[in-house]
$ cat target.txt   # compact mmCIF, C-alpha atoms
# COMPACT_ATOMS: atom_id res chain seq x y z
CA MET P 9 30.22 -140.22 -108.01
CA SER P 10 33.78 -140.96 -107.06
CA PHE P 11 36.63 -140.61 -109.52
CA LEU P 12 38.79 -142.88 -107.40
CA LEU P 13 36.33 -145.72 -107.29
CA PHE P 14 34.80 -145.67 -110.73
CA GLY P 15 37.58 -144.15 -112.83
CA ALA P 16 37.55 -140.82 -114.60
CA GLU P 17 34.27 -139.88 -116.18
CA PRO P 18 34.96 -138.83 -119.77
CA ASN P 19 31.69 -136.94 -120.00
CA GLY P 20 31.77 -135.08 -116.68
CA GLY P 21 29.24 -137.42 -115.10
CA LYS P 22 26.35 -136.59 -117.42
CA GLY P 23 26.36 -140.03 -119.02
CA ASP P 24 26.88 -138.93 -122.62
CA PRO P 25 28.80 -141.43 -124.75
CA ALA P 26 32.53 -140.75 -125.13
CA TYR P 27 34.71 -142.15 -127.89
CA THR P 28 38.39 -142.79 -128.50
CA LYS P 29 40.12 -140.89 -131.33
CA ASP P 30 39.50 -143.84 -133.64
CA GLY P 31 35.79 -143.89 -132.83
CA LYS P 32 35.51 -146.69 -130.28
CA LEU P 33 32.99 -146.27 -127.47
CA ILE P 34 34.74 -145.83 -124.10
CA PHE P 35 33.31 -148.25 -121.52
CA PRO P 36 30.96 -146.29 -119.22
CA ALA P 37 32.63 -147.60 -116.07
CA ASP P 38 30.22 -145.90 -113.67
CA TYR P 39 27.04 -147.42 -115.17
CA ARG P 40 26.14 -149.18 -111.90
CA THR P 41 25.44 -145.73 -110.41
CA TRP P 42 23.05 -144.92 -113.29
CA THR P 43 19.29 -145.43 -113.20
CA PHE P 44 18.19 -149.06 -112.99
CA VAL P 45 15.58 -149.91 -115.62
CA THR P 46 14.79 -153.58 -114.97
CA SER P 47 16.16 -157.07 -114.55
CA GLY P 48 15.09 -160.26 -116.33
CA VAL P 49 16.15 -163.86 -115.84
CA GLY P 50 16.74 -166.63 -118.40
CA MET P 51 15.35 -164.53 -121.24
CA THR P 52 15.89 -165.88 -124.74
CA TYR P 53 16.66 -162.93 -126.96
CA GLY P 54 19.89 -161.63 -125.42
CA PRO P 55 23.49 -161.65 -126.65
CA THR P 56 24.55 -164.62 -124.48
CA GLY P 57 23.05 -168.01 -123.66
CA THR P 58 20.17 -168.22 -121.20
CA LYS P 59 21.96 -170.41 -118.61
CA ASP P 60 25.30 -171.85 -117.60
CA ALA P 61 26.52 -175.46 -117.75
CA GLU P 62 24.89 -176.25 -114.37
CA GLY P 63 21.55 -174.87 -115.54
CA ASN P 64 21.68 -171.65 -113.51
CA PRO P 65 19.90 -168.96 -115.54
CA ARG P 66 21.53 -165.68 -116.44
CA PHE P 67 20.23 -162.34 -115.28
CA ASP P 68 19.98 -159.30 -117.57
CA ASN P 69 20.20 -156.01 -115.65
CA VAL P 70 19.42 -152.87 -117.64
CA PHE P 71 20.70 -149.41 -116.69
CA VAL P 72 20.46 -146.05 -118.45
CA ASN P 73 22.21 -142.72 -117.92
CA PRO P 74 20.01 -140.68 -115.51
CA GLU P 75 19.55 -137.75 -117.90
CA ALA P 76 18.03 -140.05 -120.52
CA TYR P 77 15.71 -141.69 -118.00
CA LYS P 78 14.40 -138.30 -116.85
CA GLU P 79 13.87 -137.27 -120.46
CA PHE P 80 11.97 -140.49 -121.22
CA LEU P 81 9.61 -139.74 -118.32
CA LYS P 82 8.83 -136.39 -119.95
CA THR P 83 8.63 -137.42 -123.62
CA GLY P 84 8.09 -141.19 -123.80
CA THR P 85 11.22 -141.73 -125.85
CA TRP P 86 15.02 -141.63 -125.63
CA PRO P 87 16.94 -138.44 -126.29
CA ASP P 88 20.09 -138.19 -128.38
CA LYS P 89 23.15 -139.49 -126.41
CA THR P 90 21.16 -142.14 -124.53
CA GLN P 91 23.27 -145.05 -123.30
CA LEU P 92 21.34 -148.19 -122.36
CA VAL P 93 23.56 -150.74 -120.64
CA LEU P 94 22.72 -154.46 -120.60
CA GLU P 95 24.71 -156.24 -117.89
CA VAL P 96 24.56 -160.04 -118.05
CA ARG P 97 25.32 -161.86 -114.79
CA GLY P 98 25.51 -165.48 -113.77
CA SER P 99 23.48 -166.87 -110.87
CA GLU P 100 23.48 -169.42 -108.09
CA SER P 101 20.64 -170.94 -106.11
CA LYS P 102 21.08 -172.78 -102.80
CA ALA P 103 23.47 -170.83 -100.58
CA SER P 104 23.33 -169.30 -97.12
CA ILE P 105 19.67 -169.17 -96.08
CA ASN P 106 18.34 -169.25 -99.64
CA LYS P 107 16.70 -172.59 -100.52
CA ASP P 108 15.25 -171.92 -103.96
CA GLY P 109 15.22 -169.33 -106.71
CA HIS P 110 18.37 -167.54 -107.87
CA PHE P 111 20.62 -164.67 -106.83
CA GLN P 112 23.16 -162.87 -109.00
CA THR P 113 26.87 -163.62 -109.20
CA LYS P 114 29.63 -162.42 -111.53
CA THR P 115 29.38 -160.32 -114.68
CA ILE P 116 29.50 -162.35 -117.91
CA ALA P 117 29.26 -159.52 -120.44
CA VAL P 118 28.15 -155.93 -120.85
CA GLU P 119 26.54 -154.56 -123.99
CA VAL P 120 25.81 -150.88 -124.55
CA HIS P 121 23.12 -149.55 -126.89
CA VAL P 122 23.85 -145.93 -127.77
CA LYS P 123 21.63 -143.40 -129.53
CA ASP P 124 23.91 -140.89 -131.21
CA THR P 125 22.92 -138.87 -134.26
CA SER P 126 26.61 -138.20 -134.94
CA LYS P 127 26.91 -141.99 -135.48
CA LYS P 128 23.73 -142.23 -137.61
CA GLY P 129 21.41 -143.37 -134.84
CA TRP P 130 21.48 -146.40 -132.54
CA GLY P 131 24.61 -148.54 -132.27
CA PHE P 132 25.51 -151.64 -130.24
CA TYR P 133 28.88 -152.11 -128.54
CA GLY P 134 29.99 -155.30 -126.78
CA PHE P 135 32.26 -155.24 -123.71
CA PRO P 136 33.53 -158.58 -122.46
CA PRO P 137 34.89 -158.13 -118.88
CA GLY P 138 37.99 -155.91 -118.91
CA THR P 139 37.33 -154.21 -122.26
CA ALA P 140 38.13 -150.48 -122.11
CA ALA P 141 36.75 -149.45 -125.53
CA ALA P 142 34.79 -151.22 -128.26
CA GLU P 143 34.03 -150.76 -131.93
CA MET P 144 30.40 -150.50 -133.00
CA ILE P 145 28.92 -153.89 -133.91
CA PRO P 146 28.26 -153.70 -137.69
CA LYS P 147 24.75 -152.56 -138.55
CA THR P 148 24.25 -155.68 -140.65
CA GLN P 149 24.13 -157.82 -137.49
CA ASN P 150 20.73 -159.18 -136.50
CA CYS P 151 20.61 -157.37 -133.12
CA TYR P 152 19.70 -154.24 -135.14
CA SER P 153 16.92 -155.79 -137.22
CA CYS P 154 15.50 -157.64 -134.19
CA HIS P 155 15.36 -154.43 -132.13
CA GLU P 156 13.80 -152.53 -135.04
CA GLN P 157 11.12 -155.15 -135.59
CA ASN P 158 10.35 -155.99 -131.97
CA GLY P 159 11.18 -153.00 -129.78
CA ALA P 160 8.02 -151.36 -128.41
CA VAL P 161 9.59 -147.87 -128.33
CA ASP P 162 12.32 -146.47 -130.58
CA THR P 163 13.88 -149.91 -131.25
CA THR P 164 14.17 -150.65 -127.50
CA PHE P 165 12.40 -153.34 -125.47
CA VAL P 166 10.26 -151.07 -123.33
CA GLN P 167 7.64 -153.86 -123.28
CA PHE P 168 9.88 -155.42 -120.60
CA TYR P 169 10.54 -152.17 -118.64
CA PRO P 170 7.77 -151.95 -116.03
CA THR P 171 8.22 -148.31 -114.99
CA LEU P 172 8.26 -146.98 -118.56
CA GLN P 173 5.42 -148.80 -120.31
CA ASP P 174 2.66 -146.51 -119.08
CA VAL P 175 4.73 -143.42 -119.89
CA ALA P 176 5.21 -144.51 -123.51
CA GLN P 177 1.54 -145.37 -123.91
CA GLU P 178 0.45 -142.00 -122.48
CA LYS P 179 2.89 -140.10 -124.67
CA GLY P 180 1.88 -142.02 -127.79
CA THR P 181 5.35 -143.41 -128.52
CA TRP P 182 4.32 -147.05 -128.03
CA LYS P 183 4.39 -149.16 -131.20
CA ALA P 184 1.25 -151.33 -131.18
CA ALA P 185 2.68 -154.43 -132.87
CA HIS P 186 5.97 -155.72 -131.58
CA MET R 27 15.07 -135.72 -109.96
CA SER R 28 11.65 -134.33 -110.73
CA PHE R 29 9.36 -133.11 -108.01
CA LEU R 30 6.39 -133.50 -110.30
CA LEU R 31 7.07 -137.12 -111.10
CA PHE R 32 8.42 -138.45 -107.84
CA GLY R 33 6.84 -136.13 -105.28
CA ALA R 34 8.66 -133.76 -102.97
CA GLU R 35 11.84 -135.10 -101.46
CA PRO R 36 11.58 -134.70 -97.69
CA ASN R 37 15.34 -134.98 -97.25
CA GLY R 38 16.49 -132.69 -100.05
CA GLY R 39 17.44 -135.60 -102.27
CA LYS R 40 20.19 -136.96 -100.00
CA GLY R 41 18.27 -140.12 -99.20
CA ASP R 42 18.18 -139.75 -95.41
CA PRO R 43 15.08 -141.23 -93.77
CA ALA R 44 12.30 -138.77 -93.00
CA TYR R 45 9.52 -139.32 -90.47
CA THR R 46 6.06 -138.00 -89.79
CA LYS R 47 5.43 -136.17 -86.49
CA ASP R 48 4.18 -139.43 -84.98
CA GLY R 49 7.35 -141.28 -86.00
CA LYS R 50 6.23 -143.13 -89.12
CA LEU R 51 8.77 -143.52 -91.93
CA ILE R 52 7.78 -141.46 -94.99
CA PHE R 53 7.84 -143.60 -98.14
CA PRO R 54 11.04 -142.76 -100.09
CA ALA R 55 9.13 -142.19 -103.34
CA ASP R 56 12.24 -141.58 -105.45
CA TYR R 57 13.97 -144.86 -104.55
CA ARG R 58 14.01 -146.04 -108.19
CA THR R 59 16.55 -143.29 -108.89
CA TRP R 60 18.80 -144.57 -106.08
CA THR R 61 21.69 -146.99 -106.53
CA PHE R 62 20.66 -150.47 -107.63
CA VAL R 63 22.23 -153.17 -105.45
CA THR R 64 20.96 -156.43 -106.97
CA SER R 65 17.94 -158.42 -108.07
CA GLY R 66 17.01 -161.98 -107.14
CA VAL R 67 14.21 -164.23 -108.37
CA GLY R 68 12.05 -166.72 -106.47
CA MET R 69 14.15 -166.43 -103.34
CA THR R 70 12.74 -168.04 -100.22
CA TYR R 71 13.51 -165.74 -97.33
CA GLY R 72 11.63 -162.59 -98.30
CA PRO R 73 8.53 -160.95 -96.84
CA THR R 74 6.16 -162.28 -99.56
CA GLY R 75 5.66 -165.65 -101.24
CA THR R 76 8.13 -166.82 -103.88
CA LYS R 77 5.63 -167.06 -106.77
CA ASP R 78 2.10 -166.16 -107.86
CA ALA R 79 -0.89 -168.46 -108.44
CA GLU R 80 0.30 -169.23 -112.01
CA GLY R 81 3.76 -170.18 -110.78
CA ASN R 82 5.53 -167.03 -112.02
CA PRO R 83 8.34 -166.27 -109.56
CA ARG R 84 8.68 -162.94 -107.81
CA PHE R 85 11.66 -160.66 -108.28
CA ASP R 86 13.33 -158.85 -105.38
CA ASN R 87 15.04 -155.62 -106.48
CA VAL R 88 17.27 -153.95 -103.88
CA PHE R 89 18.13 -150.24 -103.93
CA VAL R 90 20.02 -148.05 -101.49
CA ASN R 91 20.40 -144.29 -101.13
CA PRO R 92 23.49 -143.28 -103.15
CA GLU R 93 25.31 -141.70 -100.20
CA ALA R 94 25.16 -144.97 -98.27
CA TYR R 95 26.40 -146.99 -101.27
CA LYS R 96 29.41 -144.70 -101.70
CA GLU R 97 30.15 -144.96 -97.99
CA PHE R 98 29.95 -148.76 -98.12
CA LEU R 99 32.54 -148.79 -100.91
CA LYS R 100 34.89 -146.85 -98.64
CA THR R 101 34.26 -148.62 -95.32
CA GLY R 102 32.65 -152.01 -96.03
CA THR R 103 29.61 -151.22 -93.95
CA TRP R 104 26.49 -149.05 -93.88
CA PRO R 105 26.55 -145.55 -92.38
CA ASP R 106 23.90 -144.13 -90.09
CA LYS R 107 20.78 -143.09 -92.09
CA THR R 108 21.14 -145.89 -94.64
CA GLN R 109 17.88 -146.83 -96.36
CA LEU R 110 17.87 -150.21 -98.12
CA VAL R 111 14.73 -150.69 -100.21
CA LEU R 112 13.45 -154.14 -101.15
CA GLU R 113 11.00 -153.89 -104.05
CA VAL R 114 9.06 -157.10 -104.76
CA ARG R 115 7.66 -157.41 -108.30
CA GLY R 116 5.62 -160.02 -110.11
CA SER R 117 6.77 -161.58 -113.37
CA GLU R 118 5.59 -163.01 -116.66
CA SER R 119 7.29 -165.32 -119.12
CA LYS R 120 6.15 -165.83 -122.73
CA ALA R 121 5.34 -162.45 -124.28
CA SER R 122 6.52 -160.51 -127.30
CA ILE R 123 9.73 -162.14 -128.52
CA ASN R 124 10.57 -163.72 -125.18
CA LYS R 125 10.06 -167.50 -125.19
CA ASP R 126 11.43 -168.52 -121.81
CA GLY R 127 12.66 -167.08 -118.53
CA HIS R 128 10.91 -164.19 -116.79
CA PHE R 129 10.63 -160.43 -116.97
CA GLN R 130 9.33 -158.09 -114.29
CA THR R 131 5.81 -156.73 -114.02
CA LYS R 132 3.97 -154.79 -111.29
CA THR R 133 5.10 -153.94 -107.78
CA ILE R 134 3.69 -156.26 -105.10
CA ALA R 135 5.24 -154.67 -102.01
CA VAL R 136 8.08 -152.45 -100.87
CA GLU R 137 9.95 -152.93 -97.62
CA VAL R 138 12.52 -150.47 -96.28
CA HIS R 139 15.34 -151.38 -93.89
CA VAL R 140 16.62 -148.24 -92.17
CA LYS R 141 19.72 -147.78 -90.03
CA ASP R 142 19.05 -144.91 -87.69
CA THR R 143 20.77 -144.48 -84.33
CA SER R 144 18.00 -142.09 -83.29
CA LYS R 145 15.65 -145.13 -83.60
CA LYS R 146 18.03 -147.52 -81.80
CA GLY R 147 19.55 -149.08 -84.92
CA TRP R 148 18.02 -150.97 -87.82
CA GLY R 149 14.27 -150.96 -88.35
CA PHE R 150 11.98 -152.54 -90.95
CA TYR R 151 9.00 -150.71 -92.48
CA GLY R 152 6.47 -152.30 -94.85
CA PHE R 153 4.81 -150.31 -97.66
CA PRO R 154 2.03 -152.06 -99.56
CA PRO R 155 1.38 -150.15 -102.84
CA GLY R 156 -0.03 -146.68 -102.10
CA THR R 157 1.21 -146.44 -98.51
CA ALA R 158 2.56 -142.94 -97.74
CA ALA R 159 4.03 -143.62 -94.29
CA ALA R 160 4.54 -146.73 -92.18
CA GLU R 161 5.20 -147.60 -88.55
CA MET R 162 8.28 -149.60 -87.68
CA ILE R 163 7.65 -153.34 -87.67
CA PRO R 164 8.03 -154.42 -84.00
CA LYS R 165 11.53 -155.58 -83.14
CA THR R 166 10.10 -158.84 -81.84
CA GLN R 167 9.28 -159.94 -85.42
CA ASN R 168 11.48 -162.64 -86.92
CA CYS R 169 12.79 -160.48 -89.77
CA TYR R 170 15.10 -158.91 -87.18
CA SER R 171 16.45 -162.13 -85.70
CA CYS R 172 16.85 -163.69 -89.16
CA HIS R 173 18.84 -160.70 -90.43
CA GLU R 174 20.98 -160.67 -87.28
CA GLN R 175 21.77 -164.35 -87.52
CA ASN R 176 22.21 -164.63 -91.28
CA GLY R 177 23.27 -161.26 -92.67
CA ALA R 178 26.90 -161.33 -93.83
CA VAL R 179 27.48 -157.64 -93.03
CA ASP R 180 25.81 -155.54 -90.33
CA THR R 181 22.58 -157.62 -90.38
CA THR R 182 22.20 -157.22 -94.17
CA PHE R 183 22.37 -159.91 -96.86
CA VAL R 184 25.55 -158.74 -98.57
CA GLN R 185 26.23 -162.40 -99.42
CA PHE R 186 23.71 -161.85 -102.24
CA TYR R 187 25.05 -158.42 -103.37
CA PRO R 188 27.66 -159.15 -106.04
CA THR R 189 29.31 -155.71 -106.20
CA LEU R 190 29.75 -155.41 -102.41
CA GLN R 191 31.04 -158.83 -101.32
CA ASP R 192 34.68 -158.19 -102.18
CA VAL R 193 34.55 -154.76 -100.56
CA ALA R 194 33.31 -156.20 -97.27
CA GLN R 195 35.90 -158.97 -97.30
CA GLU R 196 38.71 -156.50 -98.00
CA LYS R 197 37.54 -154.13 -95.29
CA GLY R 198 37.14 -156.95 -92.75
CA THR R 199 33.43 -156.36 -92.12
CA TRP R 200 32.36 -159.75 -93.48
CA LYS R 201 30.95 -162.17 -90.89
CA ALA R 202 32.41 -165.60 -91.62
CA ALA R 203 29.43 -167.74 -90.60
CA HIS R 204 26.03 -166.69 -91.92
$ encode --input "target.txt" --output "structure tokens"
Amino acid sequence: MSFLLFGAEPNGGKGDPAYTKDGKLIFPADYRTWTFVTSGVGMTYGPTGTKDAEGNPRFDNVFVNPEAYKEFLKTGTWPDKTQLVLEVRGSESKASINKDGHFQTKTIAVEVHVKDTSKKGWGFYGFPPGTAAAEMIPKTQNCYSCHEQNGAVDTTFVQFYPTLQDVAQEKGTWKAAH
Amino acid sequence: MSFLLFGAEPNGGKGDPAYTKDGKLIFPADYRTWTFVTSGVGMTYGPTGTKDAEGNPRFDNVFVNPEAYKEFLKTGTWPDKTQLVLEVRGSESKASINKDGHFQTKTIAVEVHVKDTSKKGWGFYGFPPGTAAAEMIPKTQNCYSCHEQNGAVDTTFVQFYPTLQDVAQEKGTWKAAH
């Protein structure tokens, strides 16, 4: 990881959440070097619309700090200090040699889902492009209740994460109804 | 990286290509921990069909060994020993709380594009699920000529890689017509 290219890493590169003095989450600027979890397209439950004005669907890329991913492979759940990053990108279709389907374009928004016992569990933080630090979204917002009711593992949507589903089922952390 | 979960790393974790004694490329089993480049859906120029029998489009996830990604950010092109991995996955749509769009399911195929001067430049290697080592696809196949004619940077499709386009244009490695 390069300090010049990605900015200083407040946590020494481990991927733990870092906060400002007034408790805002510092944007994890190096998240694109973290472990890729999955990508979806045009999905309906995210924090932004499913498509743009021209009908091009949005992509949701999910990343997690590498330490948390390794721990999930061992235990079937997320350790304290996990940071799951949802990156929403726009898309285009016909360009260059591509005649159908969609490829990714610019970042629309980034949302971070942080597990931190010092903050009483999971919290969501929204980062429109250029945001350096964000307050926790209030726990009364429906993203929390939706994740609690529908997340297959520990309030997260592992039902859409193809490399982690079998791990959770083997480790017994998979919630049957979601 | 876990040896138990991902298998031994023939290159010590650096991501350099490793070969069997008879010159086959050893499957880079830990590629999901490498740097994610982008994901496309239903694109038309890949090595497999664009959708399955039910009409669910295929996703193309692209990963690269982290050393090569860092080098691209500095130079705008790929260093010797770059391994670009194209992972093709199936998809599903309506499931759990998702009502539209598509999420990723199982791996259909993996193809690796390796830059190696000791093998006279770029080579393609195909890995159907379970393949441990693969011979280079003959250089007479049209994947080579298509990449040469249409790749924006160094025979690769950087025109579809949103975090690398600006880098290539700034470094002057971007081919105008592709």
$ interface_residues --input "target.txt" --of "chain R" --to "chain P" --cutoff "8 Å" --atoms "all atoms listed in the file" --output "VMD selection string"
chain R and resid 27 to 28 58 to 62 64 to 71 92 96 122 to 132 176 185 to 188 204
$ calpha_fit_and_write --input "target.txt" --fixed "chain P" --moving "chain R" --output "compact mmCIF listing (two decimals) with C-alpha atoms, keeping the file's coordinate frame"
# COMPACT_ATOMS: atom_id res chain seq x y z
CA MET R 27 30.64 -140.58 -107.77
CA SER R 28 34.21 -141.47 -106.93
CA PHE R 29 36.98 -141.09 -109.45
CA LEU R 30 39.11 -143.52 -107.51
CA LEU R 31 36.54 -146.28 -107.50
CA PHE R 32 34.91 -145.90 -110.88
CA GLY R 33 37.66 -144.28 -112.95
CA ALA R 34 37.56 -140.86 -114.54
CA GLU R 35 34.27 -139.90 -116.10
CA PRO R 36 34.96 -138.86 -119.69
CA ASN R 37 31.68 -136.97 -119.93
CA GLY R 38 31.75 -135.12 -116.62
CA GLY R 39 29.24 -137.47 -115.05
CA LYS R 40 26.35 -136.59 -117.39
CA GLY R 41 26.32 -140.01 -119.01
CA ASP R 42 26.85 -138.90 -122.61
CA PRO R 43 28.78 -141.40 -124.75
CA ALA R 44 32.49 -140.72 -125.12
CA TYR R 45 34.70 -142.09 -127.89
CA THR R 46 38.36 -142.73 -128.48
CA LYS R 47 40.10 -140.83 -131.31
CA ASP R 48 39.50 -143.81 -133.60
CA GLY R 49 35.77 -143.84 -132.82
CA LYS R 50 35.51 -146.65 -130.28
CA LEU R 51 32.97 -146.24 -127.47
CA ILE R 52 34.70 -145.79 -124.09
CA PHE R 53 33.29 -148.20 -121.51
CA PRO R 54 30.92 -146.24 -119.22
CA ALA R 55 32.61 -147.54 -116.06
CA ASP R 56 30.18 -145.85 -113.66
CA TYR R 57 27.02 -147.38 -115.16
CA ARG R 58 26.11 -149.14 -111.89
CA THR R 59 25.40 -145.69 -110.42
CA TRP R 60 23.01 -144.89 -113.29
CA THR R 61 19.25 -145.40 -113.21
CA PHE R 62 18.17 -149.03 -113.00
CA VAL R 63 15.55 -149.89 -115.63
CA THR R 64 14.76 -153.56 -114.97
CA SER R 65 16.16 -157.05 -114.55
CA GLY R 66 15.09 -160.23 -116.32
CA VAL R 67 16.15 -163.85 -115.82
CA GLY R 68 16.76 -166.60 -118.37
CA MET R 69 15.36 -164.53 -121.21
CA THR R 70 15.89 -165.89 -124.70
CA TYR R 71 16.68 -162.96 -126.94
CA GLY R 72 19.89 -161.63 -125.41
CA PRO R 73 23.47 -161.63 -126.66
CA THR R 74 24.56 -164.60 -124.47
CA GLY R 75 23.06 -167.99 -123.64
CA THR R 76 20.17 -168.21 -121.17
CA LYS R 77 21.95 -170.40 -118.58
CA ASP R 78 25.33 -171.81 -117.55
CA ALA R 79 26.56 -175.42 -117.71
CA GLU R 80 24.91 -176.21 -114.33
CA GLY R 81 21.57 -174.84 -115.52
CA ASN R 82 21.69 -171.61 -113.48
CA PRO R 83 19.91 -168.93 -115.51
CA ARG R 84 21.53 -165.64 -116.44
CA PHE R 85 20.22 -162.30 -115.27
CA ASP R 86 19.99 -159.27 -117.57
CA ASN R 87 20.21 -155.98 -115.65
CA VAL R 88 19.41 -152.84 -117.66
CA PHE R 89 20.68 -149.37 -116.71
CA VAL R 90 20.43 -146.02 -118.46
CA ASN R 91 22.16 -142.68 -117.93
CA PRO R 92 19.97 -140.66 -115.54
CA GLU R 93 19.49 -137.73 -117.93
CA ALA R 94 17.99 -140.03 -120.55
CA TYR R 95 15.65 -141.68 -118.01
CA LYS R 96 14.33 -138.30 -116.88
CA GLU R 97 13.82 -137.28 -120.49
CA PHE R 98 11.93 -140.50 -121.24
CA LEU R 99 9.55 -139.76 -118.37
CA LYS R 100 8.77 -136.41 -119.98
CA THR R 101 8.58 -137.44 -123.65
CA GLY R 102 8.06 -141.22 -123.83
CA THR R 103 11.18 -141.74 -125.87
CA TRP R 104 14.97 -141.64 -125.66
CA PRO R 105 16.91 -138.43 -126.32
CA ASP R 106 20.05 -138.18 -128.40
CA LYS R 107 23.10 -139.46 -126.42
CA THR R 108 21.12 -142.12 -124.55
CA GLN R 109 23.24 -145.03 -123.31
CA LEU R 110 21.31 -148.17 -122.37
CA VAL R 111 23.55 -150.72 -120.65
CA LEU R 112 22.70 -154.43 -120.60
CA GLU R 113 24.70 -156.20 -117.89
CA VAL R 114 24.56 -160.01 -118.06
CA ARG R 115 25.33 -161.81 -114.78
CA GLY R 116 25.51 -165.44 -113.74
CA SER R 117 23.49 -166.82 -110.85
CA GLU R 118 23.49 -169.36 -108.06
CA SER R 119 20.65 -170.88 -106.08
CA LYS R 120 21.09 -172.72 -102.76
CA ALA R 121 23.48 -170.76 -100.54
CA SER R 122 23.32 -169.23 -97.09
CA ILE R 123 19.67 -169.11 -96.06
CA ASN R 124 18.34 -169.18 -99.61
CA LYS R 125 16.74 -172.53 -100.49
CA ASP R 126 15.27 -171.86 -103.91
CA GLY R 127 15.23 -169.29 -106.69
CA HIS R 128 18.37 -167.49 -107.85
CA PHE R 129 20.62 -164.62 -106.84
CA GLN R 130 23.15 -162.82 -109.00
CA THR R 131 26.86 -163.55 -109.19
CA LYS R 132 29.63 -162.34 -111.52
CA THR R 133 29.38 -160.25 -114.67
CA ILE R 134 29.50 -162.29 -117.89
CA ALA R 135 29.26 -159.47 -120.43
CA VAL R 136 28.14 -155.88 -120.85
CA GLU R 137 26.54 -154.53 -123.99
CA VAL R 138 25.79 -150.85 -124.57
CA HIS R 139 23.09 -149.53 -126.91
CA VAL R 140 23.82 -145.90 -127.79
CA LYS R 141 21.61 -143.38 -129.56
CA ASP R 142 23.87 -140.88 -131.23
CA THR R 143 22.89 -138.85 -134.28
CA SER R 144 26.57 -138.16 -134.93
CA LYS R 145 26.89 -141.96 -135.47
CA LYS R 146 23.73 -142.22 -137.61
CA GLY R 147 21.40 -143.37 -134.83
CA TRP R 148 21.47 -146.39 -132.54
CA GLY R 149 24.60 -148.51 -132.27
CA PHE R 150 25.49 -151.62 -130.25
CA TYR R 151 28.88 -152.08 -128.55
CA GLY R 152 29.99 -155.26 -126.77
CA PHE R 153 32.26 -155.17 -123.70
CA PRO R 154 33.53 -158.52 -122.43
CA PRO R 155 34.88 -158.06 -118.85
CA GLY R 156 37.98 -155.83 -118.88
CA THR R 157 37.31 -154.16 -122.23
CA ALA R 158 38.11 -150.42 -122.10
CA ALA R 159 36.74 -149.40 -125.51
CA ALA R 160 34.79 -151.17 -128.23
CA GLU R 161 34.01 -150.71 -131.91
CA MET R 162 30.41 -150.48 -133.01
CA ILE R 163 28.93 -153.85 -133.91
CA PRO R 164 28.28 -153.70 -137.69
CA LYS R 165 24.77 -152.56 -138.56
CA THR R 166 24.31 -155.69 -140.65
CA GLN R 167 24.16 -157.83 -137.48
CA ASN R 168 20.76 -159.18 -136.49
CA CYS R 169 20.63 -157.36 -133.14
CA TYR R 170 19.70 -154.26 -135.15
CA SER R 171 16.94 -155.82 -137.23
CA CYS R 172 15.53 -157.65 -134.19
CA HIS R 173 15.38 -154.44 -132.15
CA GLU R 174 13.81 -152.55 -135.06
CA GLN R 175 11.15 -155.17 -135.61
CA ASN R 176 10.38 -156.01 -131.99
CA GLY R 177 11.20 -153.02 -129.81
CA ALA R 178 8.03 -151.38 -128.46
CA VAL R 179 9.58 -147.89 -128.36
CA ASP R 180 12.30 -146.48 -130.62
CA THR R 181 13.89 -149.91 -131.26
CA THR R 182 14.17 -150.65 -127.51
CA PHE R 183 12.40 -153.35 -125.49
CA VAL R 184 10.24 -151.08 -123.35
CA GLN R 185 7.64 -153.87 -123.31
CA PHE R 186 9.86 -155.42 -120.61
CA TYR R 187 10.50 -152.17 -118.65
CA PRO R 188 7.73 -151.96 -116.05
CA THR R 189 8.19 -148.31 -115.00
CA LEU R 190 8.23 -146.98 -118.59
CA GLN R 191 5.39 -148.82 -120.34
CA ASP R 192 2.61 -146.53 -119.12
CA VAL R 193 4.68 -143.45 -119.92
CA ALA R 194 5.17 -144.55 -123.53
CA GLN R 195 1.50 -145.41 -123.96
CA GLU R 196 0.42 -142.05 -122.53
CA LYS R 197 2.86 -140.14 -124.71
CA GLY R 198 1.85 -142.08 -127.84
CA THR R 199 5.33 -143.45 -128.56
CA TRP R 200 4.32 -147.08 -128.08
CA LYS R 201 4.38 -149.22 -131.24
CA ALA R 202 1.26 -151.39 -131.21
CA ALA R 203 2.68 -154.50 -132.88
CA HIS R 204 6.01 -155.77 -131.58
$ closest_residue --input "target.txt" --among "R:Ala160, R:Ala194, R:Val114, R:Val90" --to "Phe53 (chain R)" --atoms "all atoms listed in the file"
R:Ala160
$ atom_distance --input "target.txt" --atom1 "CA of Tyr57 (chain R)" --atom2 "CA of Lys40 (chain R)"
11.0 Å
$ atom_distance --input "target.txt" --atom1 "CA of Thr163 (chain P)" --atom2 "CA of Thr90 (chain P)"
12.6 Å
$ residues_around --input "target.txt" --residues "Leu110 (chain R)" --least-positions-apart "2" --cutoff "9 Å" --atoms "all atoms listed in the file" --output "short mmCIF file (atom, residue, chain, number, x, y, z; two decimals) with C-alpha atoms, in the coordinates of the input"
data_model
loop_
_atom_site.label_atom_id
_atom_site.label_comp_id
_atom_site.auth_asym_id
_atom_site.auth_seq_id
_atom_site.Cartn_x
_atom_site.Cartn_y
_atom_site.Cartn_z
CA VAL R 88 17.27 -153.95 -103.88
CA PHE R 89 18.13 -150.24 -103.93
CA VAL R 90 20.02 -148.05 -101.49
CA ASN R 91 20.40 -144.29 -101.13
CA ALA R 94 25.16 -144.97 -98.27
CA THR R 108 21.14 -145.89 -94.64
CA LEU R 112 13.45 -154.14 -101.15
CA GLU R 137 9.95 -152.93 -97.62
CA VAL R 138 12.52 -150.47 -96.28
CA HIS R 139 15.34 -151.38 -93.89
CA VAL R 140 16.62 -148.24 -92.17
CA LYS R 141 19.72 -147.78 -90.03
#
$ atom_distance --input "target.txt" --atom1 "CA of Lys165 (chain R)" --atom2 "CA of Lys146 (chain R)"
10.4 Å
